[in-house]
Amino acid sequence: MSSLAPPAEQRQPTATSKADAAIRFEKVEIGFDHPVLGGISFQLPHGETKILMGEAGTGKTLVLKLALGLLKPDAGRITVLGEEITQMREEDLFALRRKIGMVFQESALFDSLTVEENVAYRLMEETGRLTDEIHARVLEALRFVELEHTVDLFPSELSGGMRRRVAIARAIITRPEVILYDSPTGGLDPVTSDTIIELIVKQRDVYGTSSLLVTSRLQDAFTMASHCFDQKQNKMVPVADGGVRDLHTRFLMLRDGQIIFEGTAADMLRSNDPYIREYLS
Amino acid sequence: MPIFSLTEIAKEQVEAVQDYSLLAGRSLTNIFGHPRYFADTLLQADSIGVGSLPIVILTGFFTGAVLALQTSSTLQQFGSLSLTGKLVSLSMVRELGPVLTGLMVAGRNSSGMASELGSMKVTEQIDAMRSMGVDPSKKLVTPRVVASMIMLFFLSIISNLVGLTGGFVISYLLLGLDPNQYWTTAYQALRFGDVFMGLCKPVLFGFIISSIGCYYGLSAKGGTQGVGRATTQAVVAASVLILVSDFFVTRLLMGIFQY
């Protein structure tokens with residue numbers, strides 16, 4: 001069995017974790033000089049992908065940082081993998097974060113480390129050194145993103161798209177239960193964007209990982225909602241059954257600190273909300 | 001609406017002191033917890049200790065030399081030129097060795113730490129580290145603090161020795177003092193309190209240099225401009241704190257050793 005394949009307990013969540021959503025926001029508020037999120041509530045069920053959309057500055061990235069406990073909300077409750085993180089100490093959050101993968105907007109790779117050291121970072125924290133087993137897992141994670149040949153390169157030697165793919169490899173190497181993607185295709189050309197989306201779809205369909213994805217690109221969101229990963233062909237293909245098949249992908253739209261839409265791609269296309277219609281046009 | 005509010009400024013300052021205190025405290029308590037990053041500490045020790053050696057040697061040598069040169073004329077007026085070794089020795093060991101080493105290392109390493117950590121902060125590498133369950137205070141701050149404290153201790157000893165040698169060169173070559181007389185007076189002048197003062201100060205300065213550098217680096221914001229600002233602030237704050245704390249530590253130790 002592939003070592004990247006999720007462990008049994010992850011693919012078949014326990015009764016407790018099944019009952020709880022992977023991520024649950026309840027009336028979460030946060031502001032800096034002005035309110036940014038004004039009491040938002042939503043939940044990400046296990047195995048589902050939620051795509052956060054909205055204009056720049058509406059707090060999409062904030063939602064991810066709150067879910068990861070990098071920021072504390074001013075009010076409300078956030079539950080991640082059955083644990084309420086709102087009141088959790090930073091020391092306790094470190095253990096929980098090891099079950100979550102995060103792909104940052106600008107990749108956030110450690111520029112003084114090689115690709116291998118970047119991808120192996122979390123595993124090396126546990127062992128203190130790069131073992132043969134870790135090396136094998138790094139190669140496998142890099143194979144998943146088709147960048148096996150970059151193992152000895154530094155991030156500065158990679159293109160923007162390659163850096164995002166390395167960031168994905170770094171996020172998936174520990175088989176996280178949840179992955180958070182912050183604009184993974186932002187600033188990339190359409191071809192590279194498609195490659196990234198294909199990887200995300202692959203992670204969703206092959207491993208069933210719950211994920212929260214922030215994007216401003218409608219095309220990416222609808223591609224994810226209308227395509228699935230075909231393991232036989234080893235590529236992303238459009239859903240052949242006219243969209244009847246549930247791809248466990250829902251949309252969530254933020255505006256003025258509130259969630260103004262939550263539903264499937266089809267629901268969004270049918271929406272009569274003037275703002276959503278304008279956003280889609 | 002006022003352009004600036006005194007209340008807001010006061011709040012910001014108090015918050016900054018609070019954040020610094022928490023970080024400085026954690027950097028020390030982390031020493032007793034797990035995980036411990038020995039490799040990172042060694043790497044920092046090499047960078048701070050070995051890397052700073054040339055500037056510390058140069059500064060120490062010429063400080064000792066100029067000290068001998070400046071004081072010789074005054075001592076000559078009282079017919080006490082033979083006390084040059086004693087004067088250089090006491091000045092270097094008790095005061096100038098630790099302080100000048102501290103200031104040199106602050107200029108070189110406090111800025112380096114602030115810019116390195118600041119760059120990591122603004123490019124979200126610190127957040128990435130936290131998101132992977134790694135505590136930046138353990139991984140980045142504690143190794144730098146421990147390495148600085150240990151290396152400043154040894155760098156100060158080297159600075160003292162080189163300073164004494166600088167004083168000797170001037171005393172021997174320009175003032176015509178007997179080498180044996182210089183080294184004997186230099187050695188005999190030192191009491192336990194002097195050596196203790198000279199060795200505990202650099203440990204404190206090492207702590208100040210690294211904790212200030214890391215604090216400003218980790219609080220950097222606003223892109224490359226913010227990193228530049230953090231670097232400057234780190235050097236200024238570390239240098240000022242070294243001089244201020246030097247006064248209080250000197251006064252405290254003078255009281256303890258009854259000077």
# chains A, B, ... in the order shown; residues from 1 in each chain; ligands from 1
>>> select_by_dssp(residues="stretch 99-183 of chain A", states="strand (DSSP E or B)", output="list in words")
Ile100, Gly101, Met102, Val103, Phe104, Ser107, Val178, Ile179, Leu180, Tyr181 and Asp182 of chain A
>>> interface_residues(of="chain A", to="chain B", cutoff="6 Å", atoms="only C-alpha atoms", output="list in words")
Phe94, Arg97, Arg98 and Ala108 of chain A
>>> residues_around(residues="A:Gln258", least_positions_apart="5", cutoff="7 Å", atoms="only C-alpha atoms", output="PyMOL selection string")
chain A and resi 37-38+40
>>> closest_residue(among="B:Met197, B:Met151, B:Leu164, B:Ala24", to="B:Gly64", atoms="only C-alpha atoms")
B:Leu164
>>> residues_around(residues="stretch 150-166 of chain A", least_positions_apart="5", cutoff="9 Å", atoms="only C-alpha atoms", output="PDB file with N, CA and C atoms, in the first residue's frame")
ATOM      1  N   VAL A 103      -1.700  25.135   2.671  1.00  0.00           N
ATOM      2  CA  VAL A 103      -0.955  25.628   1.497  1.00  0.00           C
ATOM      3  C   VAL A 103      -1.134  27.144   1.477  1.00  0.00           C
ATOM      4  N   PHE A 104      -0.048  27.861   1.697  1.00  0.00           N
ATOM      5  CA  PHE A 104      -0.136  29.321   1.780  1.00  0.00           C
ATOM      6  C   PHE A 104      -0.181  29.954   0.386  1.00  0.00           C
ATOM      7  N   GLN A 105      -0.718  31.179   0.377  1.00  0.00           N
ATOM      8  CA  GLN A 105      -0.920  31.902  -0.889  1.00  0.00           C
ATOM      9  C   GLN A 105       0.384  32.048  -1.680  1.00  0.00           C
ATOM     10  N   GLU A 106       1.459  32.419  -0.972  1.00  0.00           N
ATOM     11  CA  GLU A 106       2.744  32.579  -1.662  1.00  0.00           C
ATOM     12  C   GLU A 106       3.657  31.390  -1.372  1.00  0.00           C
ATOM     13  N   SER A 107       3.076  30.267  -1.103  1.00  0.00           N
ATOM     14  CA  SER A 107       3.775  28.996  -0.836  1.00  0.00           C
ATOM     15  C   SER A 107       4.438  28.937   0.538  1.00  0.00           C
ATOM     16  N   ALA A 108       5.066  30.043   0.960  1.00  0.00           N
ATOM     17  CA  ALA A 108       5.740  30.111   2.268  1.00  0.00           C
ATOM     18  C   ALA A 108       6.723  28.962   2.475  1.00  0.00           C
ATOM     19  N   LEU A 109       7.475  28.645   1.434  1.00  0.00           N
ATOM     20  CA  LEU A 109       8.514  27.616   1.588  1.00  0.00           C
ATOM     21  C   LEU A 109       9.701  28.236   2.317  1.00  0.00           C
ATOM     22  N   PHE A 110      10.433  27.427   3.064  1.00  0.00           N
ATOM     23  CA  PHE A 110      11.613  27.938   3.768  1.00  0.00           C
ATOM     24  C   PHE A 110      12.731  28.118   2.741  1.00  0.00           C
ATOM     25  N   ASP A 111      13.088  29.374   2.488  1.00  0.00           N
ATOM     26  CA  ASP A 111      13.989  29.643   1.361  1.00  0.00           C
ATOM     27  C   ASP A 111      15.428  29.183   1.581  1.00  0.00           C
ATOM     28  N   SER A 112      15.799  28.904   2.836  1.00  0.00           N
ATOM     29  CA  SER A 112      17.174  28.441   3.063  1.00  0.00           C
ATOM     30  C   SER A 112      17.269  26.916   3.085  1.00  0.00           C
ATOM     31  N   LEU A 113      16.135  26.246   2.873  1.00  0.00           N
ATOM     32  CA  LEU A 113      16.132  24.779   2.853  1.00  0.00           C
ATOM     33  C   LEU A 113      15.844  24.276   1.445  1.00  0.00           C
ATOM     34  N   THR A 114      16.335  23.072   1.149  1.00  0.00           N
ATOM     35  CA  THR A 114      16.057  22.496  -0.170  1.00  0.00           C
ATOM     36  C   THR A 114      14.609  22.022  -0.220  1.00  0.00           C
ATOM     37  N   VAL A 115      14.184  21.649  -1.423  1.00  0.00           N
ATOM     38  CA  VAL A 115      12.819  21.142  -1.595  1.00  0.00           C
ATOM     39  C   VAL A 115      12.604  19.935  -0.680  1.00  0.00           C
ATOM     40  N   GLU A 116      13.586  19.054  -0.654  1.00  0.00           N
ATOM     41  CA  GLU A 116      13.452  17.857   0.183  1.00  0.00           C
ATOM     42  C   GLU A 116      13.289  18.234   1.665  1.00  0.00           C
ATOM     43  N   GLU A 117      14.129  19.157   2.121  1.00  0.00           N
ATOM     44  CA  GLU A 117      14.046  19.562   3.535  1.00  0.00           C
ATOM     45  C   GLU A 117      12.731  20.274   3.829  1.00  0.00           C
ATOM     46  N   ASN A 118      12.236  21.030   2.849  1.00  0.00           N
ATOM     47  CA  ASN A 118      10.949  21.693   3.035  1.00  0.00           C
ATOM     48  C   ASN A 118       9.826  20.687   3.187  1.00  0.00           C
ATOM     49  N   VAL A 119       9.798  19.728   2.269  1.00  0.00           N
ATOM     50  CA  VAL A 119       8.712  18.744   2.288  1.00  0.00           C
ATOM     51  C   VAL A 119       8.827  17.858   3.533  1.00  0.00           C
ATOM     52  N   VAL A 138       9.210  11.584   1.155  1.00  0.00           N
ATOM     53  CA  VAL A 138       9.362  12.863   0.443  1.00  0.00           C
ATOM     54  C   VAL A 138       9.256  12.624  -1.059  1.00  0.00           C
ATOM     55  N   LEU A 139       9.954  11.585  -1.524  1.00  0.00           N
ATOM     56  CA  LEU A 139       9.919  11.278  -2.960  1.00  0.00           C
ATOM     57  C   LEU A 139       8.504  10.941  -3.408  1.00  0.00           C
ATOM     58  N   ALA A 141       5.680  11.985  -1.970  1.00  0.00           N
ATOM     59  CA  ALA A 141       4.871  13.213  -1.973  1.00  0.00           C
ATOM     60  C   ALA A 141       5.208  14.067  -3.193  1.00  0.00           C
ATOM     61  N   LEU A 142       6.487  14.114  -3.539  1.00  0.00           N
ATOM     62  CA  LEU A 142       6.899  14.899  -4.710  1.00  0.00           C
ATOM     63  C   LEU A 142       6.434  14.238  -6.000  1.00  0.00           C
ATOM     64  N   VAL A 145       2.967  15.294  -6.823  1.00  0.00           N
ATOM     65  CA  VAL A 145       2.847  16.592  -7.498  1.00  0.00           C
ATOM     66  C   VAL A 145       3.751  16.675  -8.735  1.00  0.00           C
ATOM     67  N   ALA A 171       2.237  19.902   2.410  1.00  0.00           N
ATOM     68  CA  ALA A 171       1.002  19.836   3.203  1.00  0.00           C
ATOM     69  C   ALA A 171       0.458  18.412   3.319  1.00  0.00           C
ATOM     70  N   PRO A 184      -4.498  28.871  -3.979  1.00  0.00           N
ATOM     71  CA  PRO A 184      -3.373  28.088  -4.504  1.00  0.00           C
ATOM     72  C   PRO A 184      -3.030  28.400  -5.953  1.00  0.00           C
ATOM     73  N   THR A 185      -3.959  29.059  -6.673  1.00  0.00           N
ATOM     74  CA  THR A 185      -3.669  29.354  -8.078  1.00  0.00           C
ATOM     75  C   THR A 185      -3.462  30.856  -8.325  1.00  0.00           C
ATOM     76  N   GLY A 187      -2.166  34.309  -9.103  1.00  0.00           N
ATOM     77  CA  GLY A 187      -1.000  34.819  -9.809  1.00  0.00           C
ATOM     78  C   GLY A 187      -0.358  33.837 -10.777  1.00  0.00           C
ATOM     79  N   LEU A 188      -1.019  32.717 -11.014  1.00  0.00           N
ATOM     80  CA  LEU A 188      -0.431  31.734 -11.936  1.00  0.00           C
ATOM     81  C   LEU A 188      -1.128  31.779 -13.285  1.00  0.00           C
ATOM     82  N   ASP A 189      -0.425  31.303 -14.318  1.00  0.00           N
ATOM     83  CA  ASP A 189      -1.038  31.270 -15.649  1.00  0.00           C
ATOM     84  C   ASP A 189      -2.095  30.151 -15.691  1.00  0.00           C
ATOM     85  N   THR A 192      -0.812  26.405 -15.607  1.00  0.00           N
ATOM     86  CA  THR A 192      -0.281  25.999 -14.298  1.00  0.00           C
ATOM     87  C   THR A 192      -1.423  25.898 -13.281  1.00  0.00           C
ATOM     88  N   SER A 193      -2.385  26.833 -13.365  1.00  0.00           N
ATOM     89  CA  SER A 193      -3.528  26.805 -12.457  1.00  0.00           C
ATOM     90  C   SER A 193      -4.279  25.485 -12.588  1.00  0.00           C
ATOM     91  N   THR A 195      -3.089  22.656 -13.510  1.00  0.00           N
ATOM     92  CA  THR A 195      -2.275  21.589 -12.903  1.00  0.00           C
ATOM     93  C   THR A 195      -2.485  21.553 -11.395  1.00  0.00           C
ATOM     94  N   ILE A 196      -2.513  22.737 -10.777  1.00  0.00           N
ATOM     95  CA  ILE A 196      -2.700  22.820  -9.322  1.00  0.00           C
ATOM     96  C   ILE A 196      -4.084  22.302  -8.946  1.00  0.00           C
ATOM     97  N   LEU A 199      -4.341  18.639  -8.991  1.00  0.00           N
ATOM     98  CA  LEU A 199      -3.738  18.022  -7.795  1.00  0.00           C
ATOM     99  C   LEU A 199      -4.700  18.073  -6.605  1.00  0.00           C
TER     100      LEU A 199
END
>>> select_by_dssp(residues="stretch 68-193 of chain B", states="alpha helix (DSSP H)", output="PyMOL selection string")
chain B and resi 68-77+84-91+97-105+111-122+125-131+136+142-173+179-189+192-193
>>> residues_around(residues="stretch 239-246 of chain B", least_positions_apart="6", cutoff="8 Å", atoms="only C-alpha atoms", output="VMD selection string")
chain B and resid 99 102 to 103 106 to 107 201 205 208
>>> residues_around(residues="B:Leu152", least_positions_apart="3", cutoff="12 Å", atoms="only C-alpha atoms", output="ChimeraX atom specification")
/B:45-53,56,97-106,109,144-149,155-160,198-210
>>> atom_distance(atom1="atom CA of B:Thr185", atom2="atom CA of B:Leu83")
6.6 Å
>>> closest_residue(among="A:Ser41, A:Thr49, A:Thr209, A:Thr131", to="A:Phe251", atoms="only C-alpha atoms")
A:Thr49
>>> closest_residue(among="A:Glu278, A:Arg175, A:Leu66, A:Glu48", to="A:Leu123", atoms="only C-alpha atoms")
A:Arg175
>>> atom_distance(atom1="atom CA of A:Val206", atom2="atom CA of A:Ile134")
21.9 Å
